[in-house]
There are 2 protein chains.
Amino acid sequence: MQLDLIKKELRKVISLDDEMFQDFSKLFRTIRLEKGEFWIKEGRRANYIGFVNGGILRQYVQQEGEEFIQNFYVSGDFMGLFASPVEERNKTLRIQAIEVCELLVMPYERLKCLIGFSKNLEQFSSHWQAQKYSELDQMYFRLLAHTPEQRYKWLLSHKPEIINQVPQYYIAQYLGIKPETLSRIKKRA
Amino acid sequence: MQLDLIKKELRKVISLDDEMFQDFSKLFRTIRLEKGEFWIKEGRRANYIGFVNGGILRQYVQQEGEEFIQNFYVSGDFMGLFASPVEERNKTLRIQAIEVCELLVMPYERLKCLIGFSKNLEQFSSHWQAQKYSELDQMYFRLLAHTPEQRYKWLLSHKPEIINQVPQYYIAQYLGIKPETLSRIKKRA
DNA sequence: ATCCCTTTTTGACTTTAGTCAATGGATTTG
DNA sequence: CAAATCCATTGACTAAAGTCAAAAAGGGAT
């Protein structure tokens, strides 16, 4: 199990000595997703938290035949750090591997239990919740205030790894526009 | 100080006997905002949490001469329950009274301190954070997936109190469209 | 390399929202 | 009461994205 990446990510937020990390890392399980496989299938609750140790995934909702991508997850990202009420209504939410992925996963309840014992982990959890909220808040603002072209340029400069690794019709779904429109935006940019 | 409303709202989420509520309520301060006054001014950090005990407010960002409303707060809503990282970047965020408002406010640090002592309050805090995240998540989806007309109809059926109490150019700012367009949507609906 | 399949691009046209300017209504103010 | 102000509506036009269909470009697989 390659754990350098998650150790690095955790240490960005909390202090964590090697022994503690050893104990912590034992509670993860590694899973491998082939291209197109789902981590969260429609109708399921997100009972796990996951760490992307490699690959890239998309989180999307399907409605009336169309797919709307809410987020991409790349190496180093945590997924599903919010408590149950969030996922409750997300009956149609799916998280799918765009390419081969390796995830480190842990039941949500186990993390919650650990948080009870470790001040450090509690700090980690609340930091990430605030972080995720802030990201979503900013995405909401961009969607509300900016044109598709501005949002595409934002992606280009802030998340180039997504532009590079993801088919353009997924980028279009993420931006809320049609693939044809994205193609035209690229041409005139 | 009228405290029935906040007591009712708290009791939707946690159990709270009258003595505990007495102690808790002493830590709030009441403030009154006239129409047009700000609770959060541009450039300020949200160092307080607030409860709307009456009236209605708008949370918005100003950019290049235009205003974009992210949210309305009505009686019974809590404001600013997320930790600092969220507000950090929101340099241009403002929360303004649309009409005369009464707020119950408490420094964020005081709430955090209280949470350390009370399992109940901790539960309340994490419930509301998850709740706010979920709401924002759903708003994001609607903005991404639905037309302005669909979003207006959603508002009509789910938040009629906002439609009734708020000038239409604010509704337009909230929906991400121009007032003229909203006027036309209303006509054809 | 060729074939097949998927993705991207292009073109012509339609639909929708934005823009600008003018009008009409309502409310407030002198 | 009239004037002024603010907001909502309407009309004519422009700009932008959607739609549908077809062509071009990649990317494997045999």
# chains A, B, ... in the order shown; residues from 1 in each chain; ligands from 1
$ interface_residues --of "chain D" --to "chain A" --cutoff "12 Å" --atoms "only C-alpha atoms (C1' of nucleotides)" --output "ChimeraX atom specification"
/D:16-20
$ write_last_selection --atoms "C-alpha atoms (C1' of nucleotides)" --output "short mmCIF file (atom, residue, chain, number, x, y, z; two decimals), in the first residue's frame"
data_model
loop_
_atom_site.label_atom_id
_atom_site.label_comp_id
_atom_site.auth_asym_id
_atom_site.auth_seq_id
_atom_site.Cartn_x
_atom_site.Cartn_y
_atom_site.Cartn_z
"C1'" DA D 16 -24.98 33.92 -26.89
"C1'" DA D 17 -25.94 29.19 -26.29
"C1'" DG D 18 -28.76 25.18 -27.90
"C1'" DT D 19 -30.08 21.95 -31.62
"C1'" DC D 20 -29.54 18.95 -35.32
#
$ interface_residues --of "chain A" --to "chain B" --cutoff "6 Å" --atoms "only C-alpha atoms" --output "ChimeraX atom specification"
/A:86,134,140,144,176
$ write_last_selection --atoms "C-alpha atoms" --output "CSV table (one decimal), in the first residue's frame"
chain,number,residue,atom,x,y,z
A,86,VAL,CA,-25.9,15.6,2.9
A,134,SER,CA,-15.6,27.0,0.9
A,140,TYR,CA,-21.5,28.5,-6.8
A,144,LEU,CA,-23.8,32.4,-10.9
A,176,GLY,CA,-23.1,23.4,-17.6
$ select_by_dssp --residues "segment 72-155 of chain B" --states "alpha helix (DSSP H)" --output "PyMOL selection string"
chain B and resi 84-88+108-117+119-145+148-155
$ write_last_selection --atoms "C-alpha atoms" --output "short mmCIF file (atom, residue, chain, number, x, y, z; two decimals), in the first residue's frame"
data_model
loop_
_atom_site.label_atom_id
_atom_site.label_comp_id
_atom_site.auth_asym_id
_atom_site.auth_seq_id
_atom_site.Cartn_x
_atom_site.Cartn_y
_atom_site.Cartn_z
CA SER B 84 -12.98 30.88 9.41
CA PRO B 85 -11.45 29.37 6.23
CA VAL B 86 -14.78 29.84 4.54
CA GLU B 87 -15.02 33.55 5.08
CA GLU B 88 -11.31 34.09 4.56
CA TYR B 108 -17.93 32.63 16.86
CA GLU B 109 -15.19 31.88 19.37
CA ARG B 110 -17.68 31.79 22.19
CA LEU B 111 -19.82 29.24 20.40
CA LYS B 112 -16.74 27.16 19.69
CA CYS B 113 -15.83 27.25 23.35
CA LEU B 114 -19.33 26.22 24.38
CA ILE B 115 -19.24 23.36 21.92
CA GLY B 116 -16.26 22.00 23.82
CA PHE B 117 -18.43 21.70 26.93
CA LYS B 119 -22.21 17.32 23.50
CA ASN B 120 -25.60 18.71 22.57
CA LEU B 121 -24.20 21.87 21.09
CA GLU B 122 -21.57 19.95 19.21
CA GLN B 123 -24.34 17.91 17.68
CA PHE B 124 -26.23 21.08 16.84
CA SER B 125 -23.19 22.60 15.19
CA SER B 126 -22.34 19.60 13.03
CA HIS B 127 -25.98 19.15 12.09
CA TRP B 128 -26.18 22.73 10.86
CA GLN B 129 -22.94 22.55 9.01
CA ALA B 130 -24.10 19.44 7.19
CA GLN B 131 -27.45 21.11 6.59
CA LYS B 132 -25.88 24.22 5.10
CA TYR B 133 -23.58 22.16 2.95
CA SER B 134 -26.48 20.13 1.68
CA GLU B 135 -28.51 23.23 0.86
CA LEU B 136 -25.63 24.76 -1.05
CA ASP B 137 -25.05 21.50 -2.86
CA GLN B 138 -28.66 21.45 -4.00
CA MET B 139 -28.57 25.08 -5.02
CA TYR B 140 -25.48 24.37 -7.05
CA PHE B 141 -27.22 21.52 -8.80
CA ARG B 142 -30.25 23.59 -9.64
CA LEU B 143 -28.13 26.39 -11.00
CA LEU B 144 -26.16 23.93 -13.11
CA ALA B 145 -29.04 21.83 -14.37
CA PRO B 148 -34.00 30.34 -15.01
CA GLU B 149 -37.71 29.60 -15.46
CA GLN B 150 -37.43 26.29 -13.61
CA ARG B 151 -35.47 27.96 -10.83
CA TYR B 152 -38.06 30.71 -10.50
CA LYS B 153 -40.82 28.13 -10.23
CA TRP B 154 -38.80 26.25 -7.64
CA LEU B 155 -38.54 29.43 -5.58
#
$ residues_around --residues "DT8 of chain C" --least-positions-apart "4" --cutoff "12 Å" --atoms "only C-alpha atoms (C1' of nucleotides)" --output "number ranges by chain"
A: 167-169, 179-184, 186-187; D: 23-26
$ interface_residues --of "chain C" --to "chain A" --cutoff "10 Å" --atoms "only C-alpha atoms (C1' of nucleotides)" --output "PyMOL selection string"
chain C and resi 7-10
$ write_last_selection --atoms "N, CA and C atoms (P, O5', C5', C4', C3', O3' and C1' of nucleotides)" --output "short mmCIF file (atom, residue, chain, number, x, y, z; two decimals), in the first residue's frame"
data_model
loop_
_atom_site.label_atom_id
_atom_site.label_comp_id
_atom_site.auth_asym_id
_atom_site.auth_seq_id
_atom_site.Cartn_x
_atom_site.Cartn_y
_atom_site.Cartn_z
P DT C 7 -16.57 8.65 -26.14
"O5'" DT C 7 -15.92 9.94 -26.84
"C5'" DT C 7 -14.51 10.06 -26.85
"C4'" DT C 7 -14.12 11.22 -27.72
"C3'" DT C 7 -14.72 12.56 -27.31
"O3'" DT C 7 -13.63 13.44 -27.03
"C1'" DT C 7 -14.89 12.23 -29.65
P DT C 8 -13.86 14.93 -26.58
"O5'" DT C 8 -13.75 15.73 -27.96
"C5'" DT C 8 -12.55 15.65 -28.71
"C4'" DT C 8 -12.71 16.41 -30.00
"C3'" DT C 8 -13.19 17.85 -29.83
"O3'" DT C 8 -12.19 18.69 -30.41
"C1'" DT C 8 -14.42 16.73 -31.53
P DT C 9 -12.33 20.28 -30.41
"O5'" DT C 9 -12.94 20.55 -31.87
"C5'" DT C 9 -12.23 20.10 -33.00
"C4'" DT C 9 -13.07 20.32 -34.24
"C3'" DT C 9 -13.57 21.75 -34.45
"O3'" DT C 9 -13.04 22.20 -35.69
"C1'" DT C 9 -15.30 20.15 -34.82
P DT C 10 -13.09 23.76 -36.05
"O5'" DT C 10 -14.35 23.84 -37.03
"C5'" DT C 10 -14.46 22.91 -38.09
"C4'" DT C 10 -15.83 22.98 -38.73
"C3'" DT C 10 -16.45 24.38 -38.83
"O3'" DT C 10 -16.46 24.73 -40.21
"C1'" DT C 10 -18.04 22.72 -38.16
#
